[in-house]
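Below is entry03.txt, which holds compact mmCIF, C-alpha atoms.
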```txt
# COMPACT_ATOMS: atom_id res chain seq x y z
CA MET A 21 -8.42 16.34 -37.15
CA ARG A 22 -11.45 14.21 -38.06
CA VAL A 23 -9.71 11.15 -36.67
CA LEU A 24 -8.89 13.00 -33.46
CA LEU A 25 -12.47 14.17 -33.05
CA ALA A 26 -13.76 10.69 -33.76
CA GLY A 27 -11.41 9.31 -31.10
CA VAL A 28 -12.53 11.87 -28.54
CA GLY A 29 -16.15 11.11 -29.42
CA LEU A 30 -15.55 7.39 -28.96
CA LEU A 31 -13.90 7.96 -25.58
CA ALA A 32 -16.82 10.15 -24.50
CA LEU A 33 -19.27 7.47 -25.66
CA VAL A 34 -17.38 4.77 -23.74
CA SER A 35 -17.27 6.84 -20.56
CA CYS A 36 -20.99 7.58 -20.87
CA THR A 37 -22.04 4.01 -21.56
CA THR A 38 -19.68 1.92 -19.41
CA PRO A 39 -21.50 0.89 -16.24
CA ASP A 40 -19.71 0.96 -12.92
CA THR A 41 -17.49 -2.11 -12.87
CA VAL A 42 -15.30 -4.03 -10.43
CA THR A 43 -12.95 -6.65 -11.87
CA LEU A 44 -10.83 -9.20 -10.02
CA VAL A 45 -7.61 -9.02 -12.04
CA GLN A 46 -5.48 -11.53 -10.18
CA GLY A 47 -4.83 -13.10 -6.81
CA LEU A 48 -1.86 -12.07 -4.65
CA GLY A 49 0.05 -14.31 -2.28
CA ASP A 50 -0.84 -17.80 -1.09
CA ARG A 51 -4.48 -17.32 -0.19
CA PRO A 52 -7.32 -17.36 -2.71
CA PRO A 53 -8.47 -13.87 -3.70
CA THR A 54 -11.82 -12.56 -2.49
CA VAL A 55 -13.48 -9.37 -3.69
CA THR A 56 -16.82 -8.52 -2.08
CA VAL A 57 -18.98 -6.06 -3.99
CA GLU A 58 -21.84 -4.68 -1.93
CA GLY A 59 -24.42 -2.68 -3.90
CA SER A 60 -27.46 -0.96 -2.50
CA GLN A 61 -29.58 -4.15 -2.68
CA ASP A 62 -27.24 -6.93 -3.62
CA THR A 63 -23.86 -8.34 -2.55
CA ARG A 64 -21.72 -10.53 -4.83
CA VAL A 65 -18.32 -12.12 -4.25
CA LEU A 66 -15.65 -12.47 -6.94
CA THR A 67 -13.12 -15.27 -6.46
CA VAL A 68 -11.85 -16.05 -9.97
CA PRO A 69 -9.56 -13.79 -12.03
CA LEU A 70 -11.41 -11.82 -14.76
CA GLU A 71 -14.72 -12.10 -12.93
CA SER A 72 -16.39 -8.70 -13.03
CA ALA A 73 -19.25 -7.20 -11.09
CA THR A 74 -21.30 -4.73 -13.07
CA LEU A 75 -23.57 -2.31 -11.25
CA ARG A 76 -26.71 -1.56 -13.23
CA GLY A 77 -29.57 0.13 -11.45
CA ARG A 78 -29.61 -1.29 -7.96
CA GLY A 79 -28.42 -4.76 -8.88
CA VAL A 80 -24.98 -6.35 -9.12
CA GLN A 81 -24.40 -8.73 -12.05
CA VAL A 82 -21.35 -10.98 -12.31
CA GLU A 83 -19.82 -11.97 -15.63
CA THR A 84 -16.42 -13.12 -16.80
CA ARG A 85 -14.58 -10.64 -18.99
CA THR A 86 -11.96 -11.42 -21.58
CA PRO A 87 -8.36 -10.33 -20.93
CA GLY A 88 -8.79 -7.82 -23.78
CA GLU A 89 -11.86 -6.27 -22.16
CA VAL A 90 -10.07 -5.96 -18.83
CA ARG A 91 -7.08 -4.33 -20.50
CA ALA A 92 -9.33 -1.91 -22.40
CA LEU A 93 -10.90 -0.75 -19.15
CA PHE A 94 -8.00 -1.01 -16.70
CA GLY A 95 -4.79 -1.50 -18.70
CA THR A 96 -3.48 2.01 -18.08
CA VAL A 97 -3.82 1.85 -14.30
CA LEU A 98 -2.66 -1.77 -14.05
CA ASP A 99 0.50 -0.98 -16.01
CA ALA A 100 1.26 1.95 -13.69
CA THR A 101 1.12 -0.10 -10.47
CA PRO A 102 4.37 0.50 -8.51
CA THR A 103 6.93 -2.30 -8.53
CA PRO A 104 6.69 -4.88 -5.73
CA THR A 105 8.49 -4.26 -2.46
CA ARG A 106 12.05 -5.65 -2.28
CA THR A 107 13.25 -7.39 0.89
CA TYR A 108 16.72 -7.53 2.49
CA VAL A 109 17.45 -9.54 5.64
CA ILE A 110 20.19 -9.08 8.27
CA GLN A 111 20.64 -11.81 10.92
CA PHE A 112 21.71 -11.10 14.51
CA ALA A 113 23.41 -13.08 17.31
CA THR A 114 21.37 -13.94 20.44
CA GLY A 115 20.39 -10.76 22.31
CA ALA A 116 22.57 -8.67 20.01
CA SER A 117 21.65 -5.51 18.15
CA THR A 118 24.97 -4.89 16.41
CA ILE A 119 25.06 -5.43 12.66
CA PRO A 120 27.39 -8.33 11.86
CA LEU A 121 30.15 -7.81 9.30
CA GLU A 122 28.67 -10.56 7.11
CA ALA A 123 25.81 -8.18 6.32
CA ASP A 124 28.03 -5.90 4.21
CA ASP A 125 26.96 -7.44 0.90
CA THR A 126 23.28 -7.11 1.85
CA VAL A 127 23.79 -3.46 2.76
CA ALA A 128 25.59 -2.80 -0.53
CA ALA A 129 22.74 -4.37 -2.51
CA LEU A 130 20.23 -2.32 -0.52
CA PHE A 131 22.04 0.94 -1.31
CA ALA A 132 22.17 0.08 -5.02
CA ASP A 133 18.41 -0.57 -4.96
CA VAL A 134 17.64 2.69 -3.14
CA ALA A 135 19.82 4.65 -5.58
CA ALA A 136 17.97 3.12 -8.54
CA THR A 137 14.49 3.91 -7.17
CA PRO A 138 13.26 7.45 -7.97
CA VAL A 139 10.80 7.88 -5.08
CA VAL A 140 11.72 5.47 -2.35
CA GLU A 141 10.71 4.55 1.18
CA VAL A 142 12.73 2.22 3.42
CA ALA A 143 10.96 0.36 6.24
CA ILE A 144 13.28 -1.30 8.75
CA VAL A 145 11.46 -4.06 10.64
CA GLY A 146 13.08 -5.73 13.66
CA HIS A 147 12.25 -9.31 14.71
CA THR A 148 13.30 -11.64 17.55
CA ASP A 149 13.05 -15.32 18.31
CA ARG A 150 10.66 -16.50 21.06
CA GLN A 151 13.24 -16.66 23.84
CA GLY A 152 12.31 -14.07 26.49
CA SER A 153 9.11 -12.19 27.25
CA VAL A 154 6.98 -10.47 24.63
CA GLU A 155 7.81 -7.10 26.19
CA VAL A 156 11.55 -7.70 26.16
CA ASN A 157 11.40 -8.93 22.60
CA ASP A 158 9.37 -5.91 21.50
CA ARG A 159 12.09 -3.69 22.88
CA LEU A 160 14.90 -5.80 21.41
CA SER A 161 13.28 -5.82 17.97
CA ILE A 162 13.09 -2.03 17.97
CA ASP A 163 16.70 -1.82 19.19
CA ARG A 164 17.78 -3.98 16.28
CA ALA A 165 15.83 -1.90 13.78
CA VAL A 166 17.26 1.32 15.22
CA ALA A 167 20.80 -0.12 15.08
CA VAL A 168 20.31 -0.86 11.39
CA ARG A 169 18.80 2.56 10.85
CA GLU A 170 21.79 4.28 12.43
CA ALA A 171 24.22 2.14 10.48
CA LEU A 172 22.48 2.95 7.19
CA ILE A 173 22.39 6.66 7.97
CA ALA A 174 26.09 6.53 8.84
CA ARG A 175 26.68 5.07 5.39
CA GLY A 176 24.77 7.87 3.71
CA LEU A 177 21.09 6.89 3.61
CA LYS A 178 18.81 9.89 4.13
CA ALA A 179 17.04 9.67 7.50
CA THR A 180 13.83 11.10 6.04
CA LEU A 181 13.40 8.02 3.85
CA ILE A 182 13.36 5.60 6.78
CA ARG A 183 10.57 4.15 8.91
CA VAL A 184 11.42 1.92 11.90
CA VAL A 185 9.15 -0.87 13.16
CA GLY A 186 9.56 -3.49 15.92
CA ARG A 187 7.52 -6.68 15.41
CA GLY A 188 8.98 -8.51 18.43
CA GLU A 189 8.39 -12.25 18.25
CA ARG A 190 5.07 -11.97 16.31
CA GLU A 191 6.34 -12.94 12.88
CA PRO A 192 8.97 -15.68 13.11
CA ALA A 193 10.66 -16.75 9.89
CA VAL A 194 10.67 -20.27 11.35
CA ALA A 195 7.82 -21.40 13.61
CA THR A 196 8.98 -22.59 17.06
CA ALA A 197 7.57 -23.23 20.51
CA ASP A 198 7.86 -20.45 23.07
CA GLU A 199 11.28 -19.94 24.70
CA VAL A 200 13.11 -21.65 21.84
CA ALA A 201 16.25 -19.91 20.55
CA GLU A 202 16.20 -19.81 16.76
CA PRO A 203 18.94 -17.86 14.94
CA ARG A 204 16.89 -17.43 11.76
CA ASN A 205 14.24 -15.51 13.69
CA ARG A 206 16.72 -12.97 15.12
CA ARG A 207 16.71 -10.65 12.17
CA VAL A 208 15.96 -7.27 10.69
CA VAL A 209 13.98 -7.17 7.45
CA ILE A 210 14.50 -4.09 5.32
CA LEU A 211 11.70 -3.29 2.89
CA VAL A 212 12.42 -1.03 -0.06
CA ARG A 213 9.38 0.36 -1.86
CA MET B 8 13.23 10.62 23.72
CA TRP B 9 14.64 8.70 20.79
CA ARG B 10 11.12 7.60 19.85
CA LEU B 11 10.11 11.27 19.65
CA ALA B 12 13.14 11.95 17.50
CA LEU B 13 12.16 9.08 15.19
CA LEU B 14 8.62 10.40 14.98
CA LEU B 15 9.89 13.79 13.96
CA VAL B 16 12.10 12.23 11.34
CA CYS B 17 9.22 10.20 9.95
CA LEU B 18 6.74 13.04 9.54
CA PRO B 19 8.30 15.60 7.23
CA SER B 20 6.28 18.69 6.36
CA LEU B 21 3.10 17.61 8.11
CA ALA B 22 1.20 19.38 10.84
CA TRP B 23 1.07 17.94 14.34
CA GLY B 24 -1.52 15.18 14.72
CA GLN B 25 -1.36 14.10 11.09
CA GLU B 26 -0.03 10.62 10.63
CA THR B 27 1.47 9.63 7.31
CA VAL B 28 -0.52 6.75 5.80
CA GLY B 29 0.95 6.67 2.32
CA LEU B 30 3.45 7.97 -0.19
CA LEU B 31 2.70 9.49 -3.57
CA LYS B 32 4.98 7.34 -5.65
CA SER B 33 4.48 8.83 -9.10
CA THR B 34 2.33 11.27 -11.03
CA HIS B 35 1.68 11.82 -14.71
CA GLY B 36 -0.02 14.81 -16.29
CA THR B 37 -2.24 16.92 -14.04
CA VAL B 38 -2.66 15.70 -10.46
CA THR B 39 -3.84 17.87 -7.58
CA LEU B 40 -4.00 17.24 -3.86
CA GLU B 41 -6.69 18.73 -1.65
CA ARG B 42 -5.81 18.82 2.05
CA GLN B 43 -7.83 20.77 4.59
CA GLN B 44 -9.52 22.80 1.83
CA GLN B 45 -6.15 23.75 0.36
CA HIS B 46 -5.43 22.72 -3.24
CA GLN B 47 -1.92 22.15 -4.50
CA ALA B 48 -0.15 20.35 -7.31
CA ALA B 49 0.61 16.78 -6.25
CA THR B 50 4.22 15.76 -6.76
CA PRO B 51 6.02 12.42 -6.29
CA GLY B 52 7.39 11.95 -2.78
CA MET B 53 4.51 13.72 -1.03
CA SER B 54 3.30 12.09 2.17
CA LEU B 55 -0.42 11.35 2.32
CA VAL B 56 -2.73 11.62 5.33
CA VAL B 57 -6.33 10.73 6.12
CA GLY B 58 -8.70 13.18 4.48
CA ASP B 59 -6.51 13.81 1.45
CA VAL B 60 -8.31 14.02 -1.89
CA LEU B 61 -6.43 13.38 -5.12
CA ARG B 62 -7.78 14.53 -8.48
CA THR B 63 -6.41 13.71 -11.90
CA GLY B 64 -6.87 15.58 -15.14
CA PRO B 65 -7.84 13.99 -18.46
CA PRO B 66 -5.97 10.84 -19.61
CA PRO B 67 -3.11 10.12 -19.61
CA SER B 68 -3.01 11.85 -16.20
CA ALA B 69 -2.44 9.32 -13.41
CA ALA B 70 -1.17 8.95 -9.85
CA ALA B 71 0.34 5.95 -8.04
CA LEU B 72 0.31 5.54 -4.25
CA VAL B 73 2.01 3.12 -1.86
CA MET B 74 0.38 2.90 1.56
CA VAL B 75 1.93 2.09 4.95
CA ASP B 76 0.60 -1.46 4.87
CA ASP B 77 2.04 -2.01 1.37
CA SER B 78 -1.30 -1.65 -0.41
CA ARG B 79 -1.01 0.10 -3.76
CA PHE B 80 -3.47 2.33 -5.58
CA VAL B 81 -3.23 3.71 -9.10
CA LEU B 82 -5.63 6.43 -10.12
CA GLY B 83 -6.37 6.88 -13.82
CA GLY B 84 -7.43 10.02 -15.68
CA ASN B 85 -10.48 12.13 -14.78
CA SER B 86 -10.64 10.52 -11.35
CA ARG B 87 -11.16 11.54 -7.77
CA PHE B 88 -9.84 9.47 -4.86
CA VAL B 89 -10.35 10.03 -1.14
CA ILE B 90 -8.50 8.54 1.84
CA ARG B 91 -11.45 8.35 4.24
CA GLN B 92 -9.90 6.31 7.06
CA TYR B 93 -6.58 4.55 7.24
CA THR B 94 -5.16 3.08 10.42
CA PHE B 95 -2.30 0.63 10.59
CA ASN B 96 -0.36 -0.50 13.66
CA ALA B 97 2.95 -1.57 12.20
CA THR B 98 3.81 -3.65 15.30
CA THR B 99 0.61 -5.69 15.48
CA GLN B 100 -0.26 -5.17 11.80
CA ALA B 101 -3.89 -4.44 12.73
CA GLY B 102 -5.95 -1.72 11.15
CA ALA B 103 -8.44 -0.70 8.51
CA GLY B 104 -8.24 1.18 5.25
CA HIS B 105 -11.32 2.84 3.82
CA THR B 106 -11.02 4.82 0.63
CA GLY B 107 -13.44 6.38 -1.80
CA LEU B 108 -13.64 6.66 -5.57
CA PRO B 109 -16.45 9.14 -6.32
CA THR B 110 -15.56 8.97 -9.99
CA GLY B 111 -12.87 7.53 -12.25
CA THR B 112 -10.69 4.48 -12.70
CA LEU B 113 -8.64 2.81 -9.99
CA ALA B 114 -6.36 -0.21 -9.66
CA VAL B 115 -5.94 -1.62 -6.15
CA GLN B 116 -3.34 -4.12 -5.00
CA SER B 117 -4.10 -5.23 -1.46
CA GLY B 118 -1.37 -5.18 1.18
CA VAL B 119 -1.42 -6.26 4.83
CA LEU B 120 -4.84 -4.69 5.45
CA GLY B 121 -6.24 -6.86 2.67
CA LYS B 122 -5.02 -10.19 4.03
CA ALA B 123 -7.82 -12.67 4.66
CA GLY B 124 -8.03 -13.96 8.23
CA SER B 125 -6.21 -10.96 9.69
CA GLY B 126 -9.38 -9.22 10.90
CA ASN B 127 -8.32 -6.17 8.91
CA THR B 128 -10.32 -4.44 6.20
CA LEU B 129 -9.43 -2.69 2.95
CA THR B 130 -12.31 -1.10 1.06
CA VAL B 131 -13.07 1.24 -1.82
CA THR B 132 -16.47 2.93 -1.84
CA THR B 133 -17.96 4.23 -5.08
CA PRO B 134 -21.32 5.97 -5.48
CA LYS B 135 -22.93 2.58 -6.22
CA ALA B 136 -20.99 0.01 -4.19
CA THR B 137 -18.54 -0.77 -1.44
CA VAL B 138 -15.75 -3.09 -2.56
CA ARG B 139 -13.77 -5.13 -0.04
CA VAL B 140 -10.47 -6.43 -1.40
CA GLN B 141 -8.68 -9.45 0.03
CA ASP B 142 -5.46 -10.91 -1.39
CA ALA B 143 -6.18 -9.50 -4.82
CA GLN B 144 -5.48 -6.92 -7.47
CA VAL B 145 -8.69 -5.33 -8.71
CA GLY B 146 -9.81 -2.68 -11.14
CA VAL B 147 -12.64 -0.34 -10.16
CA TYR B 148 -14.47 1.98 -12.53
CA ALA B 149 -16.99 4.52 -11.24
CA GLY B 150 -18.89 6.58 -13.81
CA LYS B 151 -20.00 10.11 -13.35
CA GLU B 152 -21.60 10.92 -9.99
```
Kindly transcribe the structure held in the file into structure tokens.
Amino acid sequence: MRVLLAGVGLLALVSCTTPDTVTLVQGLGDRPPTVTVEGSQDTRVLTVPLESATLRGRGVQVETRTPGEVRALFGTVLDATPTPTRTYVIQFATGASTIPLEADDTVAALFADVAATPVVEVAIVGHTDRQGSVEVNDRLSIDRAVAVREALIARGLKATLIRVVGRGEREPAVATADEVAEPRNRRVVILVR
Amino acid sequence: MWRLALLLVCLPSLAWGQETVGLLKSTHGTVTLERQQQHQAATPGMSLVVGDVLRTGPPPSAAALVMVDDSRFVLGGNSRFVIRQYTFNATTQAGAGHTGLPTGTLAVQSGVLGKAGSGNTLTVTTPKATVRVQDAQVGVYAGKE
């Protein structure tokens, strides 16, 4: 009991004495991370992992924490961060919105993933190449996403889990000039999260 | 018509005019959701909308959220988290996410709204600071109000 009380007392002490803190844990993706901390009188920018901004009074002080200090303060919430989004890709023929038979393995892997994820959301994102107008490609990308949605529902995926998005020609997998046909850009990307 | 049907499919158990901006991915211990002055136990799978307030009980209570732009938030024990504004156009990928942490511990993993150069914004406001997150995972601790 004494140990328990001592532990509770220590936790209470920590929560009373720890100043408000913002820590850059790690960068994500290809670009360098940037965390801007704007206090009432001071703004500081964190760009290096383990840099921390501490807010004391009206000022913002920046110091580098040790990995142990960061884990002591944020370990619980960092460990509970949901797993990264998984991506599945289905390619289409020019102008087509019918799922090709070759996509069967991808669909099977997708279903296994969904079944293994307790609380799951599936975003179906249609893309086109740059052949045709933006408006036509917007429509085609949605048609492709809807075709995949219907096919997945027909195979047993719950409709309530699914979100459909058309990105048109805005996000090519392979950069091309306008009006260039590129098979790798005619695709639907399925995000499982 | 099919777009309307899709919209209906995508907005389960929400009132008209409320757009889903996130999904409650997991909870641990005591987690409550306040929506339009109504309090209820928060359970995994719940859709989240602007204005929602999540509260956690003492550690090890926690809640994990995945937002529409793929940003992730994890709320630790004894925390309060508010979705102040969250807009995201999935077609153009433009929008802004503004959240609040009046008190507690939060981990943030930026998604599309936190990509540098996109013109988008992802922020967490505490009683002492506003934190803008770009291409990063951060921890935020806000002491008692």
Practice problem: With a cut-off of 6 Å and counting only C-alpha atoms, select all residues of chain A in contact with chain B and give the selection as a PyMOL selection string. | Solution: chain A and resi 40-48+53-59+97-98+101+139+180+186-187
Quiz prompt | Nearest to Arg62 in chain B by atom-to-atom distance, counting only C-alpha atoms, from B:Ile90, B:Val28, B:Ala48, B:Leu40 | solution =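 Of all the options, B:Leu40 lies closest to Arg62 in chain B.
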Practice problem: With a distance cut-off of 6 Å and all atoms listed in the file, select the neighbouring residues of range 82-93 of chain A, excluding the residue or stretch itself and same-chain residues fewer than 5 positions from it, and output the selection as a PyMOL selection string. | Solution: chain A and resi 70-73
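For the residues B:Ser78, B:Thr63, B:Asn85, B:Gln44, ranking by smallest atom-to-atom distance to Val119 in chain B using all atoms listed in the file places B:Ser78 first.
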Quiz prompt | Distance in Å - CA of Val38 in chain B versus CA of Leu61 in chain B | solution =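 It comes out at 6.9 Å.
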At a cut-off of 10 Å around the point (12.5, -21.0, 17.5) (file coordinates), what residues fall inside when counting only C-alpha atoms? I'd like the answer as an mmCIF file with C-alpha atoms, in the coordinates of the input.
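So point17.cif came out as:
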```cif
data_model
loop_
_atom_site.group_PDB
_atom_site.id
_atom_site.type_symbol
_atom_site.label_atom_id
_atom_site.label_comp_id
_atom_site.auth_asym_id
_atom_site.auth_seq_id
_atom_site.Cartn_x
_atom_site.Cartn_y
_atom_site.Cartn_z
ATOM 1 C CA THR A 148 13.300 -11.640 17.550
ATOM 2 C CA ASP A 149 13.050 -15.320 18.310
ATOM 3 C CA ARG A 150 10.660 -16.500 21.060
ATOM 4 C CA GLN A 151 13.240 -16.660 23.840
ATOM 5 C CA GLU A 189 8.390 -12.250 18.250
ATOM 6 C CA PRO A 192 8.970 -15.680 13.110
ATOM 7 C CA ALA A 193 10.660 -16.750 9.890
ATOM 8 C CA VAL A 194 10.670 -20.270 11.350
ATOM 9 C CA ALA A 195 7.820 -21.400 13.610
ATOM 10 C CA THR A 196 8.980 -22.590 17.060
ATOM 11 C CA ALA A 197 7.570 -23.230 20.510
ATOM 12 C CA ASP A 198 7.860 -20.450 23.070
ATOM 13 C CA GLU A 199 11.280 -19.940 24.700
ATOM 14 C CA VAL A 200 13.110 -21.650 21.840
ATOM 15 C CA ALA A 201 16.250 -19.910 20.550
ATOM 16 C CA GLU A 202 16.200 -19.810 16.760
ATOM 17 C CA PRO A 203 18.940 -17.860 14.940
ATOM 18 C CA ARG A 204 16.890 -17.430 11.760
ATOM 19 C CA ASN A 205 14.240 -15.510 13.690
ATOM 20 C CA ARG A 206 16.720 -12.970 15.120
#
```
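Nearest-residue note for Gly152 in chain A: choosing from A:Thr114, A:Gln61, A:Thr126, A:Thr67, the minimum distance belongs to A:Thr114, counting only C-alpha atoms.
Note that CA of Ile119 in chain A and CA of Phe131 in chain A are 15.6 Å apart.
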Practice problem: Provide the CA of Gly102 in chain B to CA of Thr128 in chain B distance in Å, to one decimal place. | Solution: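 Taking CA of Gly102 in chain B and CA of Thr128 in chain B, their separation equals 7.1 Å.
Distances from A:Leu211, A:Ala135, A:Val127, A:Val156 to Gly115 in chain A were compared using only C-alpha atoms, and the smallest one belongs to A:Val156.
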Self-check item: From A:Ala143, A:Leu121, A:Ala174, A:Val68, residue lying nearest Asp76 in chain B [all atoms listed in the file]
Solution: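 Between A:Ala143, A:Leu121, A:Ala174, A:Val68, the residue approaching Asp76 in chain B most closely is A:Ala143.
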